[in-house]
file final12.tsv (TSV, C-alpha atoms)
chain	number	residue	atom	x	y	z
A	26	MET	CA	127.06	41.41	149.31
A	27	GLY	CA	126.29	38.38	147.11
A	28	ARG	CA	124.65	36.56	150.00
A	29	SER	CA	122.40	39.44	150.96
A	30	ALA	CA	120.57	39.54	147.61
A	31	PRO	CA	118.33	36.48	148.18
A	32	ALA	CA	117.56	37.72	151.70
A	33	GLY	CA	116.56	41.08	150.21
A	34	ALA	CA	114.32	39.38	147.66
A	35	VAL	CA	112.59	37.36	150.39
A	36	ALA	CA	112.10	40.52	152.45
A	37	LEU	CA	110.56	42.27	149.43
A	38	LEU	CA	108.21	39.34	148.85
A	39	ILE	CA	107.12	39.39	152.51
A	40	ALA	CA	106.61	43.14	152.31
A	41	GLN	CA	104.42	42.75	149.23
A	42	LEU	CA	102.35	40.04	150.87
A	43	ALA	CA	101.93	42.19	153.96
A	44	HIS	CA	100.32	45.05	152.04
A	45	PRO	CA	96.53	45.11	151.96
A	46	ALA	CA	94.83	44.97	148.58
A	47	GLY	CA	94.55	48.23	146.68
A	48	VAL	CA	97.62	50.02	148.02
A	49	GLY	CA	101.18	50.23	146.74
A	50	GLY	CA	104.52	50.44	148.52
A	51	ALA	CA	106.53	51.10	145.38
A	52	ALA	CA	110.31	50.87	145.58
A	53	GLU	CA	110.70	54.13	143.61
A	54	PRO	CA	108.62	57.30	143.82
A	55	ALA	CA	106.35	57.75	140.78
A	56	GLY	CA	106.42	61.12	139.04
A	57	VAL	CA	109.86	62.07	140.38
A	58	THR	CA	112.70	62.59	137.91
A	59	ASN	CA	115.19	64.05	140.40
A	60	ALA	CA	114.79	62.52	143.87
A	61	PRO	CA	117.82	64.29	145.43
A	62	LEU	CA	116.38	67.66	144.35
A	63	ALA	CA	112.96	66.71	145.73
A	64	TRP	CA	114.61	65.81	149.05
A	65	GLN	CA	116.47	69.14	149.04
A	66	ASN	CA	113.30	71.10	148.35
A	67	TRP	CA	111.58	69.20	151.15
A	68	THR	CA	114.47	69.98	153.51
A	69	LEU	CA	114.59	73.67	152.68
A	70	ASN	CA	110.85	74.30	152.53
A	71	CYS	CA	108.98	71.74	154.65
A	72	GLN	CA	111.24	69.85	157.05
A	73	GLY	CA	111.75	72.77	159.44
A	74	CYS	CA	108.18	72.40	160.71
A	75	HIS	CA	107.15	68.90	159.57
A	76	ARG	CA	110.40	67.42	160.98
A	77	PRO	CA	112.84	65.14	159.15
A	78	ASP	CA	110.66	62.05	159.69
A	79	GLY	CA	107.42	63.83	158.70
A	80	THR	CA	105.85	63.42	162.14
A	81	GLY	CA	105.09	67.16	162.33
A	82	SER	CA	104.31	69.37	165.30
A	83	GLU	CA	101.02	69.29	167.10
A	84	GLY	CA	98.92	72.40	166.55
A	85	THR	CA	100.93	73.91	163.70
A	86	SER	CA	102.22	71.31	161.24
A	87	PRO	CA	100.25	68.06	161.09
A	88	SER	CA	101.92	64.70	160.72
A	89	LEU	CA	102.46	63.36	157.21
A	90	ALA	CA	104.02	60.09	158.27
A	91	GLY	CA	101.68	57.16	157.78
A	92	THR	CA	98.71	59.36	156.82
A	93	VAL	CA	99.37	61.66	153.86
A	94	SER	CA	98.62	59.14	151.09
A	95	LYS	CA	95.24	58.30	152.64
A	96	PHE	CA	93.93	61.59	151.22
A	97	LEU	CA	94.11	59.91	147.81
A	98	TRP	CA	91.53	57.33	148.92
A	99	VAL	CA	88.60	59.75	149.06
A	100	PRO	CA	86.97	62.34	146.74
A	101	GLY	CA	88.42	65.80	147.41
A	102	GLY	CA	91.59	64.46	149.00
A	103	ARG	CA	93.76	64.92	145.94
A	104	GLU	CA	92.59	68.54	145.67
A	105	TYR	CA	93.26	69.04	149.39
A	106	ILE	CA	96.92	68.05	148.93
A	107	GLY	CA	97.38	70.71	146.21
A	108	ARG	CA	95.52	73.42	148.14
A	109	VAL	CA	96.86	72.93	151.68
A	110	PRO	CA	98.65	76.14	152.77
A	111	GLY	CA	102.19	74.70	152.97
A	112	VAL	CA	101.92	73.41	149.39
A	113	ALA	CA	99.87	76.17	147.74
A	114	THR	CA	101.85	79.10	149.18
A	115	SER	CA	105.29	77.56	148.61
A	116	SER	CA	107.84	79.60	146.68
A	117	LEU	CA	108.69	76.58	144.48
A	118	SER	CA	107.79	76.37	140.80
A	119	ASN	CA	104.83	74.20	139.77
A	120	ALA	CA	107.19	71.57	138.30
A	121	ASP	CA	109.41	71.38	141.42
A	122	LEU	CA	106.37	71.39	143.68
A	123	ALA	CA	104.67	68.53	141.79
A	124	GLU	CA	107.85	66.43	142.09
A	125	LEU	CA	108.15	67.29	145.77
A	126	VAL	CA	104.54	66.26	146.48
A	127	ASN	CA	104.99	62.98	144.57
A	128	TRP	CA	108.22	62.30	146.45
A	129	MET	CA	106.64	63.19	149.79
A	130	LEU	CA	103.69	60.80	149.29
A	131	TRP	CA	106.15	58.01	148.60
A	132	ARG	CA	108.70	58.94	151.27
A	133	PHE	CA	106.31	59.36	154.20
A	134	ASP	CA	103.40	57.08	153.37
A	135	LYS	CA	104.18	54.67	150.52
A	136	GLU	CA	102.20	51.97	152.35
A	137	HIS	CA	98.93	53.82	151.75
A	138	LEU	CA	99.56	54.94	148.14
A	139	PRO	CA	96.72	53.57	145.97
A	140	SER	CA	97.98	51.01	143.48
A	141	GLY	CA	96.64	53.05	140.55
A	142	PHE	CA	98.21	56.29	141.80
A	143	ARG	CA	98.48	58.98	139.11
A	144	PRO	CA	101.43	61.27	139.93
A	145	PHE	CA	100.71	64.99	140.22
A	146	THR	CA	101.77	67.05	137.20
A	147	ALA	CA	103.02	70.63	137.16
A	148	ALA	CA	99.81	71.70	135.41
A	149	GLU	CA	97.57	70.09	138.03
A	150	ILE	CA	99.52	71.55	140.96
A	151	GLY	CA	99.52	74.94	139.22
A	152	ARG	CA	95.74	74.80	138.93
A	153	LEU	CA	95.11	73.61	142.51
A	154	ARG	CA	97.42	76.10	144.21
A	155	THR	CA	95.49	79.04	142.79
A	156	GLN	CA	92.83	78.24	145.45
A	157	PRO	CA	94.81	77.94	148.68
A	158	LEU	CA	93.05	76.76	151.82
A	159	ARG	CA	93.22	78.96	154.91
A	160	LEU	CA	91.76	78.29	158.35
A	161	GLU	CA	89.37	75.68	156.98
A	162	ALA	CA	92.30	73.37	156.18
A	163	SER	CA	92.44	71.64	159.57
A	164	GLN	CA	88.71	70.85	159.61
A	165	MET	CA	88.84	69.61	156.02
A	166	ARG	CA	91.84	67.44	156.90
A	167	ALA	CA	90.02	65.82	159.84
A	168	GLU	CA	86.91	65.11	157.74
A	169	LEU	CA	88.87	63.63	154.83
A	170	LEU	CA	90.94	61.36	157.08
A	171	LYS	CA	87.80	60.19	158.89
A	172	LYS	CA	86.19	59.29	155.55
A	173	ALA	CA	89.38	57.55	154.42
A	174	ASP	CA	89.56	55.44	157.56
A	175	GLU	CA	85.91	54.50	157.14
A	176	SER	CA	86.15	53.63	153.45
A	177	GLY	CA	89.59	52.03	153.34
A	178	PRO	CA	91.76	52.02	150.17
A	179	PRO	CA	90.03	52.19	146.77
B	13	MET	CA	121.90	114.97	227.68
B	14	ALA	CA	120.32	114.38	224.25
B	15	GLU	CA	118.12	117.41	224.73
B	16	LYS	CA	121.17	119.58	225.47
B	17	VAL	CA	122.92	118.44	222.28
B	18	LEU	CA	119.81	119.06	220.12
B	19	ARG	CA	119.23	122.49	221.66
B	20	GLY	CA	122.88	123.34	220.96
B	21	ILE	CA	122.56	122.39	217.29
B	22	ALA	CA	119.26	124.25	217.00
B	23	SER	CA	120.81	127.43	218.41
B	24	ARG	CA	123.73	127.33	215.95
B	25	THR	CA	121.84	126.46	212.71
B	26	SER	CA	118.92	128.04	210.86
B	27	ARG	CA	116.06	126.08	209.19
B	28	ARG	CA	117.23	127.33	205.79
B	29	SER	CA	120.70	125.90	206.22
B	30	VAL	CA	119.23	122.47	207.08
B	31	PHE	CA	117.32	122.49	203.78
B	32	THR	CA	120.52	123.54	201.97
B	33	ILE	CA	122.44	120.59	203.35
B	34	LEU	CA	119.58	118.14	202.68
B	35	GLY	CA	119.11	119.51	199.16
B	36	GLY	CA	122.79	119.09	198.47
B	37	PHE	CA	122.65	115.42	199.43
B	38	LEU	CA	119.56	114.84	197.23
B	39	ALA	CA	121.09	116.51	194.17
B	40	GLY	CA	124.34	114.63	194.68
B	41	ALA	CA	122.56	111.29	194.91
B	42	ALA	CA	120.67	111.98	191.67
B	43	ALA	CA	123.90	112.88	189.87
B	44	LEU	CA	125.84	109.80	191.01
B	45	PRO	CA	124.64	107.41	188.26
B	46	LEU	CA	125.72	109.94	185.63
B	47	LEU	CA	129.32	109.95	186.78
B	48	PRO	CA	131.88	107.97	184.79
B	49	VAL	CA	132.58	105.78	187.80
B	50	ALA	CA	128.98	104.56	187.84
B	51	ARG	CA	129.01	103.82	184.09
B	52	GLY	CA	132.23	101.90	184.45
B	53	ALA	CA	130.68	99.74	187.13
B	54	GLU	CA	127.76	98.87	184.83
B	55	SER	CA	130.04	97.49	182.09
B	56	GLU	CA	131.82	95.13	184.47
B	57	PRO	CA	131.36	91.44	183.51
B	58	ASN	CA	128.25	89.94	185.02
B	59	PRO	CA	129.47	87.35	187.56
B	60	GLN	CA	126.39	85.19	186.91
B	61	ASP	CA	127.05	84.98	183.14
B	62	PRO	CA	128.95	81.71	182.53
B	63	ASN	CA	130.69	83.26	179.53
B	64	SER	CA	131.29	86.66	181.04
B	65	GLY	CA	134.38	88.40	179.73
B	66	GLN	CA	136.35	87.42	176.65
B	67	VAL	CA	135.04	84.42	174.68
B	68	PRO	CA	138.05	82.50	173.35
B	69	PRO	CA	138.03	81.66	169.62
B	70	GLN	CA	136.64	78.24	168.65
B	71	GLU	CA	138.16	76.78	165.48
B	72	SER	CA	137.49	73.30	164.13
B	73	GLY	CA	141.12	72.70	163.20
B	74	ASN	CA	139.78	71.20	159.96
B	75	PRO	CA	140.76	73.19	156.85
B	76	GLN	CA	137.48	72.05	155.24
B	77	ASP	CA	135.52	73.89	157.96
B	78	PRO	CA	137.42	77.16	158.45
B	79	GLY	CA	136.65	80.09	160.76
B	80	ASP	CA	136.01	81.12	164.33
B	81	ARG	CA	132.65	79.78	165.55
B	82	THR	CA	132.25	82.59	168.09
B	83	ARG	CA	132.09	85.24	165.35
B	84	CYS	CA	129.18	86.23	163.14
B	85	ASP	CA	131.30	85.91	159.97
B	86	TYR	CA	131.84	82.14	160.40
B	87	TRP	CA	130.49	80.66	157.15
B	88	ARG	CA	127.71	78.50	158.66
B	89	TYR	CA	126.11	81.60	160.22
B	90	CYS	CA	125.23	83.18	156.84
B	91	ALA	CA	121.48	83.12	157.61
B	92	ILE	CA	121.50	83.26	161.43
B	93	ASP	CA	119.39	85.73	163.35
B	94	GLY	CA	120.13	85.39	167.04
B	95	SER	CA	122.85	84.69	169.58
B	96	LEU	CA	125.58	82.11	169.02
B	97	CYS	CA	125.48	79.09	171.31
B	98	SER	CA	129.28	78.97	170.97
B	99	CYS	CA	129.31	81.98	173.32
B	100	TYR	CA	126.99	80.38	175.89
B	101	GLY	CA	128.90	77.28	176.89
B	102	GLY	CA	127.49	75.31	173.95
B	103	SER	CA	129.02	74.99	170.48
B	104	VAL	CA	128.11	75.40	166.80
B	105	ASN	CA	126.44	71.96	167.04
B	106	THR	CA	125.32	71.68	170.67
B	107	CYS	CA	123.08	73.58	173.05
B	108	PRO	CA	124.44	75.00	176.31
B	109	PRO	CA	123.83	72.91	179.44
B	110	GLY	CA	120.34	73.43	180.84
B	111	THR	CA	118.74	74.25	177.49
B	112	GLU	CA	116.76	72.11	175.05
B	113	MET	CA	117.20	72.06	171.27
B	114	SER	CA	114.06	72.89	169.32
B	115	PRO	CA	113.07	70.21	166.79
B	116	ILE	CA	111.32	72.90	164.71
B	117	THR	CA	113.89	74.83	162.74
B	118	TRP	CA	114.71	77.46	160.17
B	119	ILE	CA	116.72	75.92	157.31
B	120	GLY	CA	118.87	77.67	154.70
B	121	THR	CA	122.02	77.23	152.67
B	122	CYS	CA	125.50	78.72	153.12
B	123	ARG	CA	128.57	78.57	150.90
B	124	ASN	CA	131.67	77.01	152.49
B	125	PRO	CA	134.73	79.12	151.54
B	126	ALA	CA	136.96	76.02	151.72
B	127	ASP	CA	135.34	74.16	148.81
B	128	GLN	CA	132.97	76.82	147.40
B	129	ARG	CA	130.03	74.44	147.73
B	130	SER	CA	126.68	75.25	149.30
B	131	TYR	CA	125.61	73.30	152.36
B	132	ILE	CA	122.13	72.92	153.84
B	133	ILE	CA	122.23	74.42	157.33
B	134	SER	CA	119.62	73.92	160.04
B	135	TYR	CA	119.40	76.74	162.59
B	136	ASN	CA	118.01	75.14	165.74
B	137	ASP	CA	117.13	77.40	168.63
B	138	CYS	CA	118.17	76.34	172.13
B	139	CYS	CA	115.43	77.12	174.61
B	140	GLY	CA	114.85	77.33	178.33
B	141	GLY	CA	118.01	79.09	179.50
B	142	VAL	CA	118.92	82.68	180.22
B	143	ALA	CA	119.44	84.97	177.21
B	144	TRP	CA	122.37	87.28	177.86
B	145	GLY	CA	122.30	88.84	174.39
B	146	ARG	CA	125.91	87.73	173.90
B	147	CYS	CA	127.35	87.27	170.37
B	148	ALA	CA	124.15	88.48	168.66
B	149	CYS	CA	124.30	88.14	164.87
B	150	GLN	CA	122.00	89.45	162.14
B	151	ASN	CA	122.82	87.63	158.92
B	152	ASN	CA	119.87	87.30	156.60
B	153	GLN	CA	120.84	85.39	153.45
B	154	GLY	CA	117.68	83.85	151.97
B	155	ASP	CA	115.49	85.47	154.61
B	156	ARG	CA	111.97	86.40	153.50
B	157	PRO	CA	109.54	88.89	154.99
B	158	VAL	CA	107.59	87.84	158.05
B	159	VAL	CA	104.41	87.53	155.93
B	160	ARG	CA	106.01	84.22	154.91
B	161	PRO	CA	106.72	82.96	158.43
B	162	GLN	CA	108.02	79.59	157.30
B	163	THR	CA	110.93	81.33	155.55
B	164	ASN	CA	111.51	84.16	158.01
B	165	ASN	CA	114.36	83.82	160.49
B	166	GLU	CA	113.21	86.49	162.94
B	167	VAL	CA	110.62	84.09	164.28
B	168	THR	CA	111.72	82.43	167.52
B	169	TRP	CA	111.64	78.73	166.74
B	170	CYS	CA	111.20	77.51	170.34
B	171	PHE	CA	108.33	75.22	169.36
B	172	GLY	CA	108.08	71.61	170.50
B	173	THR	CA	110.26	72.37	173.52
B	174	LYS	CA	109.23	72.52	177.19
B	175	SER	CA	110.13	76.20	177.39
B	176	GLN	CA	109.40	78.87	174.79
B	177	SER	CA	112.09	81.21	176.11
B	178	TYR	CA	114.89	81.70	173.59
B	179	THR	CA	118.54	81.37	174.61
B	180	CYS	CA	120.73	80.95	171.50
B	181	THR	CA	121.03	79.25	168.09
B	182	VAL	CA	123.21	76.44	166.67
B	183	ALA	CA	124.02	75.81	162.98
B	184	LEU	CA	123.95	72.13	161.96
B	185	ILE	CA	125.05	70.81	158.55
B	186	LEU	CA	122.28	68.63	157.05
B	187	GLY	CA	124.00	67.91	153.73
B	188	VAL	CA	125.56	69.32	150.58
B	189	ALA	CA	123.13	71.33	148.47
B	190	ILE	CA	122.60	70.62	144.79
B	191	ASP	CA	123.80	73.58	142.78
B	192	GLN	CA	120.92	74.76	140.61
B	193	LYS	CA	121.31	76.83	137.48
B	194	LYS	CA	119.20	79.93	137.77
call {"tool": "encode", "arguments": {"input": "final12.tsv", "output": "structure tokens"}}
result
Amino acid sequence: MGRSAPAGAVALLIAQLAHPAGVGGAAEPAGVTNAPLAWQNWTLNCQGCHRPDGTGSEGTSPSLAGTVSKFLWVPGGREYIGRVPGVATSSLSNADLAELVNWMLWRFDKEHLPSGFRPFTAAEIGRLRTQPLRLEASQMRAELLKKADESGPP
Amino acid sequence: MAEKVLRGIASRTSRRSVFTILGGFLAGAAALPLLPVARGAESEPNPQDPNSGQVPPQESGNPQDPGDRTRCDYWRYCAIDGSLCSCYGGSVNTCPPGTEMSPITWIGTCRNPADQRSYIISYNDCCGGVAWGRCACQNNQGDRPVVRPQTNNEVTWCFGTKSQSYTCTVALILGVAIDQKK
């Protein structure tokens, strides 16, 4: 174990150098006080359709892996995350849901998290979920991701 | 020769008696399926069903995972709605040959009677085979109305598979659940 520590440090340094400017890749999820509970809430409420690795199912549950944090790059994206049907109509409390969303952004797309990422709070999630998206969600998603790919990270 | 025989029959029988005999045959044929013999034949094991007849008990042999996996009261089946793959040539963890496990699943928790802890259970449907309706179970712990489809277990979860035809369901352990104070 003692010999693996320097190797780990080198790997971390390489990983940090590999990240483009303006995005994170934090070792710990921000805004999460109980990561095992966030994982459990993900498993019980989201994983069934979005799959354990977040790659989703075409047509019903879009992929989160490698994309979900890009919503935070563009105006309206943060609101989209709180209003998307799977989040807004969840049976979880605002506090549990905010932690789950923060954990999910880190777990499935930490590479694209903006470096100045402000974690979601229970109050913010509570406010956003009062206006759930319906059929317009998929079109909004496509437009936001297009803008994000055009603009790049903030 | 044939004409002589027919004329002989015609001279001995009336038209009415012919209808009587024919009518008797028709009524008898209609009544046959109602007889106990016919019903008995219907309940015979289907020779094409690979698990036709008695399904032997399947126990893990591990005291930490007690119960018969071919029965609805096995602890991992607490939220199952469907047929048990253990009765189809599969097991509690594996699909029967010729079927494909759906990656899209219904997930719940069940309490293990051996250690009184709750475990996260994934109910994966096995799709693409023949559904015999064997070992059908209706356990609905944590089930929500179908207006919340993501938490309703009556939905057939044969999504992401080549075939959408449902065969049976397995119950996989994903992990130990965190006990939350309500």
call {"tool": "interface_residues", "arguments": {"input": "final12.tsv", "of": "chain A", "to": "chain B", "cutoff": "7 Å", "atoms": "all atoms listed in the file", "output": "number ranges by chain"}}
result
A: 62, 69, 73-74, 76, 82
call {"tool": "atom_distance", "arguments": {"input": "final12.tsv", "atom1": "CA of Arg108 (chain A)", "atom2": "CA of Cys170 (chain B)"}}
result
27.5 Å
call {"tool": "closest_residue", "arguments": {"input": "final12.tsv", "among": "A:Val57, A:Val93, A:Leu158, A:Cys71", "to": "Phe145 (chain A)", "atoms": "all atoms listed in the file"}}
result
A:Val57
call {"tool": "atom_distance", "arguments": {"input": "final12.tsv", "atom1": "CA of Glu136 (chain A)", "atom2": "CA of Ser94 (chain A)"}}
result
8.1 Å
call {"tool": "closest_residue", "arguments": {"input": "final12.tsv", "among": "B:Met113, B:Ile92, B:Cys97, B:Val104", "to": "Cys139 (chain B)", "atoms": "only C-alpha atoms"}}
result
B:Met113
call {"tool": "closest_residue", "arguments": {"input": "final12.tsv", "among": "A:Glu149, A:Asp121, A:Glu175, A:Asp134", "to": "Glu104 (chain A)", "atoms": "only C-alpha atoms"}}
result
A:Glu149
call {"tool": "atom_distance", "arguments": {"input": "final12.tsv", "atom1": "CA of Ile106 (chain A)", "atom2": "CA of Leu170 (chain A)"}}
result
12.1 Å
call {"tool": "closest_residue", "arguments": {"input": "final12.tsv", "among": "A:Leu130, A:Leu125, A:Ala173, A:Leu153", "to": "Ala51 (chain A)", "atoms": "all atoms listed in the file"}}
result
A:Leu130
call {"tool": "residues_near_point", "arguments": {"input": "final12.tsv", "point": "(111.2, 58.6, 148.3)", "cutoff": "10 Å", "atoms": "only C-alpha atoms", "output": "JSON, numbers by chain"}}
result
{"A": [51, 52, 53, 54, 55, 57, 60, 61, 63, 64, 125, 127, 128, 129, 130, 131, 132, 133, 134, 135]}
